[in-house]
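Below is one structure, written out as structure tokens; comments come after it.
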Amino acid sequence: MRATGTFSVKSFTPTDITPDPAVATGLPVGLSKMEKQFEGEVAGRSATLFTAAFDQEQGIGTYLAMESFEGTLNGQAGAFNFVHAASTTGTDRSDGFFAIVPGSGTGALTGITGKGDIAIDADGTHRIWFDYELA
């Protein structure tokens, strides 16, 4: 099954957590917390741990995010975790990875497995979709 939706970032809060021991690289690594709100066939909210090695001025880097989602997919209520990552050299999105964490589903989403992706439209709209199965 497929569920699609849009989302907005409600909060993005950098933390003071950094790699220890410190290792000097060309891009700094940081950890932030995010909250997102979803609408459409994917409806609900998520809490996210967002790790990135990123140069804000050049828009170059890679991120890795672990999200805990609570809401509905195609009207079925529950919660689950998903992980996603991608790289950018400024104007592109490459090397993407997106997976639902096996065993993380609750409620009507118990047993959920699958994958998905995120895209950002030219107008800034953030889109998400899940291709999933329920056991």
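By convention here, the chains of the structure tokens are called A, B, ... in the order presented, each chain's residues are numbered starting at 1, and ligands are numbered starting at 1 in the order presented.
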
* To do: Give the strand (DSSP E or B) residues of region 68-118 of chain A, as DSSP finds them on the backbone, and put them as a ChimeraX atom specification.
  => /A:68-73,76-89,94-100,113-118

Tell me, counting only C-alpha atoms, for each residue of region 31-100 of chain A within 7 Å of region 7-10 of chain A, which pair of atoms is nearest and how far apart they are in Å to one decimal, in rows ordered by chain and increasing number, as a Markdown table.
| residue | atom | partner | partner_atom | distance |
| --- | --- | --- | --- | --- |
| A:Glu35 | CA | A:Lys10 | CA | 5.3 |
| A:Lys36 | CA | A:Val9 | CA | 4.5 |
| A:Gln37 | CA | A:Phe7 | CA | 5.4 |
| A:Phe38 | CA | A:Phe7 | CA | 4.3 |
| A:Glu39 | CA | A:Phe7 | CA | 6.2 |

Selection export as a short mmCIF file (atom, residue, chain, number, x, y, z; two decimals), in the first residue's frame, atoms kept: all heavy atoms:
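Result written to selection-v6.cif:
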data_model
loop_
_atom_site.label_atom_id
_atom_site.label_comp_id
_atom_site.auth_asym_id
_atom_site.auth_seq_id
_atom_site.Cartn_x
_atom_site.Cartn_y
_atom_site.Cartn_z
N GLU A 35 10.48 18.52 15.43
CA GLU A 35 9.10 18.08 15.48
C GLU A 35 8.47 18.43 14.15
O GLU A 35 8.66 19.54 13.64
CB GLU A 35 8.34 18.77 16.61
CG GLU A 35 6.90 18.34 16.69
CD GLU A 35 6.11 19.09 17.75
OE1 GLU A 35 6.69 19.92 18.47
OE2 GLU A 35 4.89 18.85 17.83
N LYS A 36 7.74 17.47 13.56
CA LYS A 36 7.07 17.68 12.28
C LYS A 36 5.58 17.42 12.43
O LYS A 36 5.16 16.62 13.25
CB LYS A 36 7.63 16.73 11.21
CG LYS A 36 9.08 16.96 10.85
CD LYS A 36 9.51 15.95 9.82
CE LYS A 36 10.97 16.08 9.49
NZ LYS A 36 11.40 14.98 8.59
N GLN A 37 4.82 18.08 11.55
CA GLN A 37 3.37 17.87 11.46
C GLN A 37 3.07 17.39 10.04
O GLN A 37 3.56 17.99 9.08
CB GLN A 37 2.62 19.17 11.75
CG GLN A 37 1.13 19.01 11.82
CD GLN A 37 0.68 18.25 13.05
OE1 GLN A 37 1.23 18.42 14.13
NE2 GLN A 37 -0.29 17.36 12.87
N PHE A 38 2.26 16.32 9.90
CA PHE A 38 1.96 15.70 8.61
C PHE A 38 0.48 15.84 8.29
O PHE A 38 -0.37 15.76 9.17
CB PHE A 38 2.31 14.20 8.66
CG PHE A 38 3.75 13.92 8.90
CD1 PHE A 38 4.26 13.91 10.20
CD2 PHE A 38 4.62 13.66 7.86
CE1 PHE A 38 5.59 13.65 10.44
CE2 PHE A 38 5.95 13.40 8.10
CZ PHE A 38 6.44 13.39 9.39
N GLU A 39 0.18 16.01 6.99
CA GLU A 39 -1.20 16.11 6.51
C GLU A 39 -1.35 15.28 5.25
O GLU A 39 -0.40 15.13 4.48
CB GLU A 39 -1.56 17.56 6.21
CG GLU A 39 -1.53 18.46 7.43
CD GLU A 39 -1.88 19.90 7.11
OE1 GLU A 39 -2.20 20.20 5.94
OE2 GLU A 39 -1.84 20.71 8.04
#

* 12 Å contact set for region 121-123 of chain A, only C-alpha atoms, chain neighbours under 5 positions out, as JSON, numbers by chain -> {"A": [6, 7, 91, 92, 93, 128]}

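CA of Trp129 (chain A) sits 6.3 Å away from CA of Gly5 (chain A).
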
* Gly116 (chain A): which residues within 12 Å, counting only C-alpha atoms, same-chain residues fewer than 4 positions away excluded, as an NGL selection string? -> :A and (1-5 or 42 or 82-85 or 96-101 or 127-133)

* Measuring atom to atom with only C-alpha atoms, identify which of A:Phe12, A:Thr72, A:Ala47, A:Gln58 is nearest to Leu31 (chain A). => A:Phe12

* Which value, in Å to one decimal, gives the distance between CA of Asp95 (chain A) and CA of Ala79 (chain A)? ->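 Separating CA of Asp95 (chain A) from CA of Ala79 (chain A) is a distance of 26.6 Å.
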
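Distances from A:Thr25, A:Asn81, A:Thr18, A:Thr106 to Thr51 (chain A) were compared using only C-alpha atoms, and the smallest one belongs to A:Thr18.
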
* Asked: What's the 7 Å shell around Gln76 (chain A), counting only C-alpha atoms, without same-chain residues fewer than 2 positions away, as a ChimeraX atom specification?
  -> /A:72-74,78,108-109

Export of the given selection (C-alpha atoms) as a JSON list (two decimals), in the first residue's frame:
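As a result, part02.json now contains:
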[["chain", "number", "residue", "atom", "x", "y", "z"],
["A", 72, "THR", "CA", -2.48, 7.54, 10.67],
["A", 73, "LEU", "CA", -1.53, 6.03, 7.33],
["A", 74, "ASN", "CA", -4.57, 5.78, 5.08],
["A", 78, "GLY", "CA", -0.73, 3.84, 15.38],
["A", 108, "ALA", "CA", -3.40, -0.67, 13.68],
["A", 109, "LEU", "CA", 0.17, -0.21, 12.34]]

* Out of A:Gly61, A:Gly90, A:Gly44, A:Gly103, which residue has the shortest atom-to-atom distance to Gly75 (chain A) when counting only C-alpha atoms? -> A:Gly44

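Closest to Lys33 (chain A) among A:Pro14, A:Pro21, A:Phe54, A:Ser68 is A:Pro14, based on only C-alpha atoms.
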
* Structure fact -> From CA of Gly30 (chain A) to CA of Ile17 (chain A) the spacing works out at 6.8 Å

* To do: With a distance cut-off of 10 Å and only C-alpha atoms, select the neighbouring residues of Ala135 (chain A), excluding the residue or stretch itself and same-chain residues fewer than 5 positions from it, and output the selection as a PyMOL selection string.
  => chain A and resi 109-113

* A:Leu64, A:Met34, A:Ile118, A:Ala86: which is nearest Ala52 (chain A), counting only C-alpha atoms? -> A:Leu64

* Asked: Within 8 Å of Asp55 (chain A), counting only C-alpha atoms, which residues qualify if same-chain residues fewer than 4 places away don't, as a PyMOL selection string?
  -> chain A and resi 27-28+59-61

Could you save the residues just selected, with all heavy atoms, as an mmCIF file, in the first residue's frame?
data_model
loop_
_atom_site.group_PDB
_atom_site.id
_atom_site.type_symbol
_atom_site.label_atom_id
_atom_site.label_comp_id
_atom_site.auth_asym_id
_atom_site.auth_seq_id
_atom_site.Cartn_x
_atom_site.Cartn_y
_atom_site.Cartn_z
ATOM 1 N N LEU A 27 33.680 19.163 7.662
ATOM 2 C CA LEU A 27 32.311 19.579 7.965
ATOM 3 C C LEU A 27 32.006 19.260 9.422
ATOM 4 O O LEU A 27 32.274 18.153 9.880
ATOM 5 C CB LEU A 27 31.298 18.852 7.081
ATOM 6 C CG LEU A 27 31.346 19.142 5.586
ATOM 7 C CD1 LEU A 27 30.351 18.261 4.849
ATOM 8 C CD2 LEU A 27 31.049 20.606 5.316
ATOM 9 N N PRO A 28 31.416 20.186 10.155
ATOM 10 C CA PRO A 28 31.075 19.893 11.546
ATOM 11 C C PRO A 28 29.892 18.923 11.633
ATOM 12 O O PRO A 28 29.005 18.935 10.794
ATOM 13 C CB PRO A 28 30.684 21.269 12.102
ATOM 14 C CG PRO A 28 30.199 22.026 10.905
ATOM 15 C CD PRO A 28 31.047 21.531 9.750
ATOM 16 N N GLY A 59 25.629 24.708 1.500
ATOM 17 C CA GLY A 59 24.537 23.759 1.330
ATOM 18 C C GLY A 59 25.008 22.359 0.998
ATOM 19 O O GLY A 59 24.326 21.610 0.304
ATOM 20 N N ILE A 60 26.179 21.989 1.500
ATOM 21 C CA ILE A 60 26.789 20.690 1.202
ATOM 22 C C ILE A 60 26.810 19.845 2.468
ATOM 23 O O ILE A 60 27.177 20.340 3.534
ATOM 24 C CB ILE A 60 28.230 20.872 0.676
ATOM 25 C CG1 ILE A 60 28.206 21.622 -0.655
ATOM 26 C CG2 ILE A 60 28.936 19.537 0.535
ATOM 27 C CD1 ILE A 60 29.584 22.007 -1.150
ATOM 28 N N GLY A 61 26.439 18.574 2.316
ATOM 29 C CA GLY A 61 26.547 17.685 3.461
ATOM 30 C C GLY A 61 25.664 16.468 3.360
ATOM 31 O O GLY A 61 25.077 16.173 2.322
#
